[in-house]
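For reference, the structure discussed in these notes is given below.
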Amino acid sequence: MASVERLVETRDLKTSRLLSMLDREQLTFLRYNSESDMLLLMIVPPNVETVVHYIDDHLALLYEPDNLEVVGFQVEAFQHSFVAQHASLNRAWRLSDSGAQLEDLEDLILVFERKKRDMAQELKHIFLGQQNTSYQLTPA
């Protein structure tokens, strides 16, 4: 990502809202695109304007341009490489690890909501636990 110029420094982005919403398990949007192998996880609806702020070749924070508030994560090469690098995320991602017996649409919706919360928590832990300070999320 050396050719991408950042509009703001990572340290200037605000994460209090994102971390608070994830702590309360309030997540609005989770989408995976298999064609591009990209996962989006956001605390705002997808029609809210956001800026992609790459922190490495595959990981990005999504923030609102007017207040620099981080409102989501974008992970490229999600299944191809990212999930394989994080065992706990792999467990959260796999439907077979849900332990649920799916009998109807309600079961599927309940499993999806639980999996969505699990994914959010795992991504939060991954971003919080990074040793490289350019990844690390701290409330601003």
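Residue names in the structure tokens use chain letters A, B, ... in the order shown, residue numbers from 1 in each chain, and ligand numbers from 1 in the order shown.
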Inset, instruction - Could you give me, as a list in words, the residues within 10 Å of segment 82-94 of chain A, counting only C-alpha atoms and dropping anything in the same chain fewer than 6 positions from it? - result: His58, Leu59, Val75, Glu76, Arg114, Lys115, Lys116, Arg117, Asp118, Met119, Ala120, Gln121, Glu122, Leu123, His125 and Ile126 of chain A
Legend entry - Counting only C-alpha atoms, the option among A:Ile109, A:Thr50, A:Leu27, A:Ser20 closest to Asn67 of chain A: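 Checking each of A:Ile109, A:Thr50, A:Leu27, A:Ser20 against Asn67 of chain A, counting only C-alpha atoms, the winner is A:Thr50.
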Legend entry - Selected residue, from A:Val71, A:Leu39, A:Asp57, A:Ala77, that lies nearest to Leu19 of chain A when counting only C-alpha atoms: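 The answer is A:Val71, which sits nearest to Leu19 of chain A.
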Legend entry - Counting only C-alpha atoms, the option among A:Gln26, A:Lys124, A:Phe73, A:Asp12 closest to Tyr54 of chain A: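 Of the candidates, the smallest distance to Tyr54 of chain A is held by A:Phe73.
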